[in-house]
>>> print(open('final_17.cif').read())   # mmCIF, C-alpha atoms
data_final
loop_
_atom_site.label_atom_id
_atom_site.label_comp_id
_atom_site.auth_asym_id
_atom_site.auth_seq_id
_atom_site.Cartn_x
_atom_site.Cartn_y
_atom_site.Cartn_z
CA MET A 1 0.00 0.00 0.00
CA ILE A 2 0.99 3.62 -0.50
CA PHE A 3 1.15 4.48 3.19
CA GLN A 4 3.33 1.43 3.90
CA ARG A 5 5.94 2.42 1.31
CA ALA A 6 5.88 6.01 2.56
CA LEU A 7 6.31 4.85 6.15
CA LEU A 8 9.24 2.58 5.30
CA ARG A 9 11.03 5.41 3.49
CA GLU A 10 10.48 7.77 6.42
CA PHE A 11 11.53 5.13 8.95
CA ALA A 12 14.80 4.56 7.09
CA ALA A 13 15.62 8.25 6.67
CA LEU A 14 14.82 9.18 10.26
CA SER A 15 16.55 6.18 11.78
CA GLY A 16 19.77 7.07 9.98
CA ALA A 17 19.74 10.59 11.39
CA VAL A 18 18.84 9.39 14.90
CA PHE A 19 21.52 6.70 14.92
CA LEU A 20 24.26 9.05 13.77
CA THR A 21 23.29 11.55 16.44
CA LEU A 22 23.23 8.98 19.25
CA PHE A 23 26.43 7.35 18.02
CA ALA A 24 28.24 10.69 17.88
CA ILE A 25 27.12 11.58 21.42
CA ALA A 26 28.22 8.20 22.78
CA LEU A 27 31.60 8.33 21.03
CA THR A 28 32.27 11.92 22.08
CA THR A 29 31.49 11.16 25.72
CA ARG A 30 33.72 8.09 25.69
CA LEU A 31 36.50 9.88 23.83
CA VAL A 32 36.62 12.67 26.41
CA ARG A 33 36.94 10.08 29.16
CA LEU A 34 39.67 8.15 27.33
CA LEU A 35 41.64 11.31 26.58
CA GLY A 36 41.49 12.19 30.26
CA GLN A 37 42.84 8.76 31.18
CA ALA A 38 45.58 9.07 28.56
CA ALA A 39 46.55 12.52 29.85
CA GLY A 40 46.74 11.11 33.37
CA GLY A 41 48.90 8.20 32.24
CA SER A 42 46.31 5.50 33.03
CA ILE A 43 46.36 4.26 29.44
CA PRO A 44 48.85 4.82 26.60
CA SER A 45 47.90 7.58 24.20
CA ASP A 46 48.23 5.24 21.21
CA ALA A 47 45.58 2.95 22.72
CA VAL A 48 42.77 5.53 22.69
CA VAL A 49 41.55 4.65 19.18
CA ALA A 50 41.53 0.92 19.93
CA TYR A 51 39.60 1.38 23.16
CA LEU A 52 37.15 3.62 21.34
CA GLY A 53 36.62 0.94 18.70
CA PHE A 54 35.92 -1.77 21.28
CA PHE A 55 33.49 0.55 23.05
CA SER A 56 31.68 1.24 19.76
CA LEU A 57 31.11 -2.45 19.09
CA GLY A 58 29.83 -3.01 22.60
CA VAL A 59 27.35 -0.14 22.61
CA LEU A 60 25.87 -0.72 19.14
CA PRO A 61 23.03 -3.10 20.18
CA VAL A 62 21.66 -0.63 22.73
CA LEU A 63 21.99 2.32 20.35
CA LEU A 64 20.24 0.44 17.54
CA SER A 65 17.42 -0.52 19.90
CA LEU A 66 16.95 3.08 20.99
CA THR A 67 17.20 4.26 17.37
CA LEU A 68 14.48 1.85 16.28
CA PHE A 69 12.14 3.04 19.02
CA ILE A 70 12.70 6.75 18.41
CA ALA A 71 12.45 6.45 14.61
CA VAL A 72 9.07 4.71 14.72
CA LEU A 73 7.78 7.02 17.43
CA LEU A 74 8.79 10.27 15.73
CA THR A 75 7.53 9.15 12.33
CA LEU A 76 4.06 8.31 13.62
CA THR A 77 4.05 11.39 15.84
CA ARG A 78 4.63 13.55 12.78
CA SER A 79 1.74 11.79 11.05
CA TYR A 80 -0.55 12.70 13.94
CA ARG A 81 0.65 16.32 14.02
CA ASP A 82 0.12 16.70 10.26
CA SER A 83 -3.32 15.03 10.52
CA GLU A 84 -2.25 12.21 8.17
CA MET A 85 -3.32 9.57 10.71
CA ILE A 86 -6.83 11.02 10.86
CA ILE A 87 -7.13 10.76 7.08
CA TRP A 88 -6.00 7.12 7.11
CA PHE A 89 -8.41 6.29 9.93
CA ASN A 90 -11.32 7.93 8.09
CA SER A 91 -10.44 5.91 4.99
CA GLY A 92 -11.17 2.70 6.88
CA LEU A 93 -7.74 1.72 8.26
CA SER A 94 -7.42 0.69 11.89
CA LEU A 95 -4.44 1.18 14.14
CA ALA A 96 -3.52 -2.48 13.59
CA ALA A 97 -2.74 -1.66 9.95
CA TRP A 98 0.49 -0.02 11.14
CA LEU A 99 1.77 -3.29 12.56
CA ARG A 100 2.84 -4.62 9.17
CA PRO A 101 5.05 -1.67 8.05
CA VAL A 102 6.55 -1.36 11.54
CA LEU A 103 7.37 -5.08 11.65
CA THR A 104 8.71 -4.98 8.09
CA PHE A 105 11.14 -2.28 9.12
CA SER A 106 11.89 -3.56 12.62
CA LEU A 107 12.51 -7.27 12.10
CA PRO A 108 15.72 -6.91 10.01
CA VAL A 109 17.08 -4.40 12.54
CA VAL A 110 16.13 -6.70 15.43
CA PHE A 111 17.97 -9.54 13.69
CA VAL A 112 21.10 -7.37 13.44
CA ILE A 113 20.75 -6.42 17.11
CA ALA A 114 20.44 -10.11 18.04
CA VAL A 115 23.59 -11.02 16.09
CA MET A 116 25.51 -8.18 17.72
CA SER A 117 24.23 -8.92 21.21
CA LEU A 118 24.79 -12.68 21.06
CA LEU A 119 27.96 -12.84 18.93
CA LEU A 120 29.69 -9.53 18.20
CA THR A 121 29.53 -7.88 21.62
CA PRO A 122 31.13 -10.79 23.57
CA TRP A 123 33.77 -11.12 20.83
CA SER A 124 34.65 -7.42 21.12
CA ALA A 125 34.82 -7.74 24.92
CA GLU A 126 37.22 -10.68 24.54
CA MET A 127 39.39 -8.75 22.08
CA ALA A 128 39.43 -5.78 24.45
CA GLU A 129 40.73 -7.99 27.27
CA LEU A 130 43.42 -9.44 25.00
CA TYR A 131 44.45 -5.92 24.00
CA ARG A 132 44.68 -4.85 27.65
CA ALA A 133 46.85 -7.88 28.36
CA ARG A 134 49.18 -6.94 25.51
CA LEU A 135 49.43 -3.38 26.81
CA SER A 136 50.34 -4.61 30.28
CA ALA A 137 53.18 -6.67 28.75
CA ARG A 138 54.79 -3.67 27.06
CA ASP A 139 58.19 -2.66 28.42
CA ASP A 140 59.08 0.80 29.68
CA VAL A 141 60.48 1.91 26.32
CA SER A 142 57.11 1.35 24.68
CA ARG A 143 55.47 3.52 27.35
CA ILE A 144 57.48 6.60 26.48
CA THR A 145 55.46 9.47 25.06
CA PRO A 146 57.23 12.79 24.29
CA GLY A 147 56.08 15.61 26.53
CA VAL A 148 54.24 13.34 29.00
CA PHE A 149 55.44 12.01 32.34
CA GLY A 150 55.30 8.22 32.41
CA GLU A 151 55.65 5.54 35.05
CA SER A 152 57.42 2.21 34.72
CA ALA A 153 55.49 -1.02 35.04
CA SER A 154 57.20 -1.74 38.39
CA LYS A 155 56.08 1.67 39.73
CA ASP A 156 59.63 2.53 40.89
CA ARG A 157 60.62 4.84 38.06
CA VAL A 158 59.14 8.03 36.59
CA PHE A 159 60.49 9.34 33.31
CA PHE A 160 60.02 12.27 30.98
CA VAL A 161 61.24 12.81 27.42
CA GLU A 162 61.01 16.21 25.80
CA SER A 163 61.31 15.18 22.14
CA VAL A 164 62.14 12.32 19.79
CA SER A 165 64.42 12.55 16.78
CA GLU A 166 63.09 12.13 13.26
CA SER A 167 64.55 8.63 13.07
CA SER A 168 62.68 7.75 16.30
CA ASP A 169 65.74 6.02 17.80
CA VAL A 170 67.16 8.93 19.85
CA VAL A 171 65.34 10.99 22.49
CA ARG A 172 66.45 14.34 23.85
CA ASN A 173 66.37 16.00 27.27
CA VAL A 174 65.57 12.99 29.41
CA PHE A 175 64.48 13.13 33.05
CA VAL A 176 64.34 9.96 35.19
CA SER A 177 63.37 9.73 38.86
CA SER A 178 63.97 6.33 40.42
CA ILE A 179 64.62 4.48 43.66
CA GLN A 180 67.61 2.13 43.82
CA HIS A 181 68.57 0.27 47.00
CA GLN A 182 65.98 2.35 48.88
CA ARG A 183 67.74 5.57 47.91
CA PRO A 184 65.97 8.14 45.72
CA GLY A 185 67.78 9.36 42.66
CA VAL A 186 67.23 11.78 39.80
CA MET A 187 68.97 11.64 36.44
CA THR A 188 69.00 14.15 33.63
CA SER A 189 70.68 13.73 30.27
CA ARG A 190 70.78 15.42 26.90
CA THR A 191 70.22 12.27 24.86
CA GLY A 192 69.03 8.72 25.23
CA ARG A 193 68.62 5.65 23.07
CA THR A 194 67.98 1.91 23.31
CA GLU A 195 70.55 -0.81 22.76
CA THR A 196 70.25 -4.61 22.61
CA ALA A 197 72.98 -6.80 24.08
CA PRO A 198 74.15 -10.00 22.33
CA ASN A 199 72.20 -12.08 24.86
CA GLY A 200 68.98 -10.26 23.95
CA ASP A 201 68.76 -7.93 26.96
CA ARG A 202 67.61 -4.40 26.19
CA PHE A 203 69.11 -1.28 27.78
CA ILE A 204 68.26 2.39 27.90
CA VAL A 205 71.52 4.26 27.40
CA LEU A 206 71.69 7.88 28.56
CA GLY A 207 74.46 10.18 27.45
CA GLU A 208 75.96 13.44 28.78
CA GLY A 209 74.04 13.77 32.00
CA ARG A 210 74.04 13.95 35.77
CA ARG A 211 72.72 11.79 38.57
CA TYR A 212 71.63 13.18 41.92
CA GLU A 213 71.44 10.43 44.56
CA GLY A 214 70.15 10.67 48.11
CA ARG A 215 68.23 13.34 49.97
CA ALA A 216 69.27 16.97 49.93
CA GLY A 217 70.98 18.03 53.17
CA GLU A 218 72.24 14.58 54.07
CA ALA A 219 75.95 13.80 54.21
CA SER A 220 75.48 10.87 51.83
CA PHE A 221 74.01 13.07 49.08
CA ARG A 222 76.02 12.64 45.87
CA VAL A 223 76.15 14.35 42.48
CA MET A 224 77.70 12.40 39.62
CA GLU A 225 78.34 13.33 36.02
CA PHE A 226 78.43 10.67 33.34
CA GLU A 227 79.01 10.37 29.63
CA ARG A 228 77.19 7.05 29.39
CA TYR A 229 74.70 5.44 31.78
CA ALA A 230 72.89 2.19 30.92
CA MET A 231 69.72 0.90 32.59
CA ARG A 232 68.37 -2.57 31.86
CA VAL A 233 64.81 -2.72 30.57
CA GLU A 234 62.90 -5.51 32.24
CA SER A 235 60.75 -7.53 29.88
CA ARG A 236 57.35 -8.56 31.12
CA GLU A 237 55.27 -11.59 30.30
CA GLY A 238 51.74 -10.84 29.28
CA GLU A 239 49.01 -12.00 31.61
CA ASP A 240 46.22 -14.10 30.20
CA PRO A 241 42.92 -12.18 30.15
CA VAL A 242 40.60 -13.10 32.98
CA PRO A 243 37.42 -14.70 31.60
CA THR A 244 34.27 -12.88 32.68
CA GLN A 245 30.63 -13.14 31.75
CA LYS A 246 31.04 -10.17 29.42
CA ASN A 247 33.71 -11.79 27.24
CA LEU A 248 32.41 -15.38 27.29
CA SER A 249 30.65 -16.51 24.15
CA THR A 250 26.92 -17.13 24.27
CA LEU A 251 27.51 -20.86 23.73
CA GLU A 252 29.86 -20.98 26.73
CA LEU A 253 27.28 -19.19 28.86
CA ALA A 254 24.57 -21.65 27.82
CA THR A 255 26.71 -24.73 28.50
CA ASP A 256 27.76 -23.55 31.98
CA PRO A 257 24.49 -23.03 33.90
CA SER A 258 25.73 -20.80 36.72
CA PRO A 259 23.66 -17.88 38.07
CA ALA A 260 26.17 -15.32 36.77
CA ASN A 261 26.13 -16.85 33.28
CA HIS A 262 22.35 -17.05 33.28
CA GLY A 263 22.20 -13.37 34.28
CA GLU A 264 24.35 -12.40 31.31
CA LEU A 265 22.14 -14.49 29.03
CA VAL A 266 19.08 -12.62 30.34
CA TRP A 267 20.69 -9.36 29.22
CA ARG A 268 21.89 -10.59 25.82
CA LEU A 269 18.55 -12.15 24.96
CA GLY A 270 16.67 -9.20 26.37
CA ILE A 271 18.16 -6.55 24.10
CA PRO A 272 16.70 -7.83 20.77
CA ILE A 273 13.41 -8.83 22.42
CA SER A 274 13.04 -5.41 24.01
CA ALA A 275 13.90 -3.73 20.70
CA LEU A 276 11.01 -5.51 18.97
CA ILE A 277 8.52 -4.78 21.77
CA LEU A 278 9.58 -1.12 21.97
CA SER A 279 9.12 -0.64 18.22
CA LEU A 280 5.56 -1.95 18.53
CA LEU A 281 4.98 0.03 21.71
CA ALA A 282 5.80 3.20 19.77
CA ILE A 283 2.58 2.79 17.74
CA PRO A 284 0.10 3.49 20.56
CA LEU A 285 2.53 5.88 22.27
CA SER A 286 2.82 8.04 19.16
CA PHE A 287 -0.54 9.75 19.60
CA VAL A 288 -0.02 13.46 20.05
CA ASN A 289 -2.27 16.46 20.29
CA PRO A 290 -1.52 18.70 17.27
CA ARG A 291 -1.51 21.69 19.62
CA ALA A 292 1.07 20.12 21.94
CA GLY A 293 4.83 20.25 21.53
CA ARG A 294 6.62 17.48 19.68
CA SER A 295 9.37 17.13 22.28
CA LEU A 296 6.94 15.76 24.88
CA ASN A 297 6.67 12.44 23.06
CA LEU A 298 10.43 12.13 22.73
CA ILE A 299 10.89 12.76 26.46
CA PHE A 300 8.24 10.18 27.26
CA ALA A 301 9.89 7.73 24.86
CA LEU A 302 13.21 8.12 26.64
CA VAL A 303 11.51 7.55 30.01
CA VAL A 304 9.87 4.35 28.73
CA PHE A 305 13.14 3.15 27.22
CA MET A 306 15.08 3.85 30.44
CA LEU A 307 12.37 2.15 32.52
CA TYR A 308 12.48 -0.94 30.30
CA SER A 309 16.27 -1.03 30.34
CA ASN A 310 16.42 -0.63 34.13
CA LEU A 311 13.84 -3.35 34.64
CA LEU A 312 15.87 -5.62 32.39
CA SER A 313 19.01 -4.85 34.43
CA LEU A 314 17.07 -5.52 37.62
CA SER A 315 15.92 -8.87 36.27
CA GLN A 316 19.51 -9.71 35.35
CA ALA A 317 20.73 -8.81 38.85
CA ASN A 318 18.06 -10.98 40.47
CA VAL A 319 19.03 -13.95 38.31
CA VAL A 320 22.71 -13.46 39.18
CA GLN A 321 21.89 -13.31 42.90
CA GLY A 322 19.71 -16.42 42.67
CA ARG A 323 16.51 -14.62 43.63
CA LEU A 324 14.94 -15.33 40.26
CA SER A 325 15.25 -18.42 38.10
CA PHE A 326 16.50 -18.14 34.53
CA ALA A 327 13.32 -19.82 33.24
CA LEU A 328 11.30 -16.95 34.70
CA GLY A 329 13.79 -14.11 34.49
CA TRP A 330 14.39 -14.09 30.73
CA TRP A 331 10.72 -13.41 29.83
CA LEU A 332 9.09 -11.85 32.92
CA ILE A 333 9.88 -8.19 32.15
CA HIS A 334 9.11 -8.68 28.46
CA GLY A 335 5.79 -10.24 29.39
CA VAL A 336 4.91 -7.20 31.50
CA MET A 337 5.82 -4.80 28.69
CA LEU A 338 3.95 -6.94 26.15
CA THR A 339 0.86 -6.78 28.37
CA LEU A 340 1.24 -3.00 28.54
CA LEU A 341 1.49 -2.95 24.73
CA LEU A 342 -1.76 -4.89 24.35
CA VAL A 343 -3.55 -2.67 26.86
CA LEU A 344 -2.43 0.54 25.15
CA PHE A 345 -3.32 -0.85 21.73
CA SER A 346 -6.76 -1.84 22.89
CA GLU A 347 -7.38 1.53 24.53
CA ARG A 348 -6.15 3.49 21.51
CA MET A 349 -8.29 1.47 19.08
CA ARG A 350 -11.31 2.01 21.32
CA LEU A 351 -10.77 5.77 21.23
CA ILE A 352 -10.42 5.73 17.45
CA ARG A 353 -13.69 3.84 17.03
CA PHE A 354 -15.39 6.24 19.48
CA ARG A 355 -14.26 9.31 17.51
CA ARG A 356 -15.58 7.85 14.29
#
>>> encode(input="final_17.cif", output="structure tokens")
Amino acid sequence: MIFQRALLREFAALSGAVFLTLFAIALTTRLVRLLGQAAGGSIPSDAVVAYLGFFSLGVLPVLLSLTLFIAVLLTLTRSYRDSEMIIWFNSGLSLAAWLRPVLTFSLPVVFVIAVMSLLLTPWSAEMAELYRARLSARDDVSRITPGVFGESASKDRVFFVESVSESSDVVRNVFVSSIQHQRPGVMTSRTGRTETAPNGDRFIVLGEGRRYEGRAGEASFRVMEFERYAMRVESREGEDPVPTQKNLSTLELATDPSPANHGELVWRLGIPISALILSLLAIPLSFVNPRAGRSLNLIFALVVFMLYSNLLSLSQANVVQGRLSFALGWWLIHGVMLTLLLVLFSERMRLIRFRR
């Protein structure tokens, strides 16, 4: 039908704009947080993009679910405000006629959300843990960032490098604060580079510098000048990532029936189910008074979405704590929202028949 094709086109156009907006907000918020951690030295600056990518994969199912809900809601709200819905109702269509175009648009998106929630999101969480393990295995040389104070993996050495040469093998104006044999020491040098011994050991070699050892005012305080000072770089073995419910595959969760695994399954299964119910719930919720503001429906939509999401999280927590069985927990909240959907649909159709 004509109105179905028009609705599908409007759904697609609006959902693209909504998704890009939500995705940009989520990425910007996360990027600001990651840049703050990088500036504070909590994570390497070259790891920001990777962390941002893992975050993007993990947040996509929720963003797509919210996008689907808002796109359907705003499209039908506009139809009410422009009196298009009244024309369709007077032509003999009931509110149930909107189920088919909404399902036609929603089901492929729900399928994508299900694939991401059940397969892609745990894979990205596993890759993120592997990446963190690789970062923890990096030696001190790999942690050096020009213009930023850094700390060694053993927490006993703080270093600063002002600049790096164009060939990237020589650094200039090096500052190192360390503790050796329970005595504090500070070294400064004009240049520094890395060298590898025949046995494979790596060294940081400082040239043309000074070392201040001890505490100022004490008789044992010493100042030494050196032309060459070598410090061994300790290599670290990477730790295996700790398996958690977030990075376990859905098959592993299903084959290990523990409360924590069942709780994670409740969440993963709940995202696509809630996306489908929310898209249908947007049909009766889209009614708007033409004289009222359009933003009221969007605010109400966000409240409904947050309520549904929080109830789903609450159900997950109860399953994890053993207060609710998995057989009941995975469908209970969806059953409540589905009942609300049927009640709102029935009430809205009754009002439409009354106005006729």
>>> residues_around(input="final_17.cif", residues="Asn310 in chain A", least_positions_apart="6", cutoff="12 Å", atoms="only C-alpha atoms", output="PyMOL selection string")
chain A and resi 267+270-271+274+302-304+316-317+333
>>> atom_distance(input="final_17.cif", atom1="CA of Tyr131 in chain A", atom2="CA of Thr244 in chain A")
15.1 Å
>>> closest_residue(input="final_17.cif", among="A:Ser83, A:Val72, A:Val32, A:Ala39", to="Ala13 in chain A", atoms="only C-alpha atoms")
A:Val72
>>> atom_distance(input="final_17.cif", atom1="CA of Met224 in chain A", atom2="CA of Gly207 in chain A")
12.8 Å
>>> resolve_selection(input="final_17.cif", expression="the PyMOL selection byres ((chain A and resi 169-183) around 6)", output="PyMOL selection string")
chain A and resi 156-165+167-168+184-193+214
>>> write_last_selection(input="final_17.cif", atoms="C-alpha atoms", output="compact mmCIF listing (two decimals), in the coordinates of the input")
# COMPACT_ATOMS: atom_id res chain seq x y z
CA ASP A 156 59.63 2.53 40.89
CA ARG A 157 60.62 4.84 38.06
CA VAL A 158 59.14 8.03 36.59
CA PHE A 159 60.49 9.34 33.31
CA PHE A 160 60.02 12.27 30.98
CA VAL A 161 61.24 12.81 27.42
CA GLU A 162 61.01 16.21 25.80
CA SER A 163 61.31 15.18 22.14
CA VAL A 164 62.14 12.32 19.79
CA SER A 165 64.42 12.55 16.78
CA SER A 167 64.55 8.63 13.07
CA SER A 168 62.68 7.75 16.30
CA PRO A 184 65.97 8.14 45.72
CA GLY A 185 67.78 9.36 42.66
CA VAL A 186 67.23 11.78 39.80
CA MET A 187 68.97 11.64 36.44
CA THR A 188 69.00 14.15 33.63
CA SER A 189 70.68 13.73 30.27
CA ARG A 190 70.78 15.42 26.90
CA THR A 191 70.22 12.27 24.86
CA GLY A 192 69.03 8.72 25.23
CA ARG A 193 68.62 5.65 23.07
CA GLY A 214 70.15 10.67 48.11
>>> atom_distance(input="final_17.cif", atom1="CA of Leu103 in chain A", atom2="CA of Leu7 in chain A")
11.4 Å
>>> resolve_selection(input="final_17.cif", expression="the PyMOL selection byres ((chain A and resi 104) around 12)", output="list in words")
Gln4, Arg5, Leu7, Leu8, Arg9, Phe11, Ala12, Val72, Trp98, Leu99, Arg100, Pro101, Val102, Leu103, Phe105, Ser106, Leu107, Pro108, Val109, Val110, Phe111, Leu276, Ser279 and Leu280 of chain A
>>> closest_residue(input="final_17.cif", among="A:Arg132, A:Ala6, A:Ala24, A:Ala197", to="Phe54 in chain A", atoms="all atoms listed in the file")
A:Arg132
>>> closest_residue(input="final_17.cif", among="A:Val223, A:Ile204, A:Val49, A:Ala275", to="Leu68 in chain A", atoms="only C-alpha atoms")
A:Ala275
>>> closest_residue(input="final_17.cif", among="A:Ala301, A:Leu281, A:Leu251, A:Leu52", to="Thr28 in chain A", atoms="only C-alpha atoms")
A:Leu52
>>> closest_residue(input="final_17.cif", among="A:Arg215, A:Arg134, A:His262, A:Arg268", to="Pro44 in chain A", atoms="all atoms listed in the file")
A:Arg134
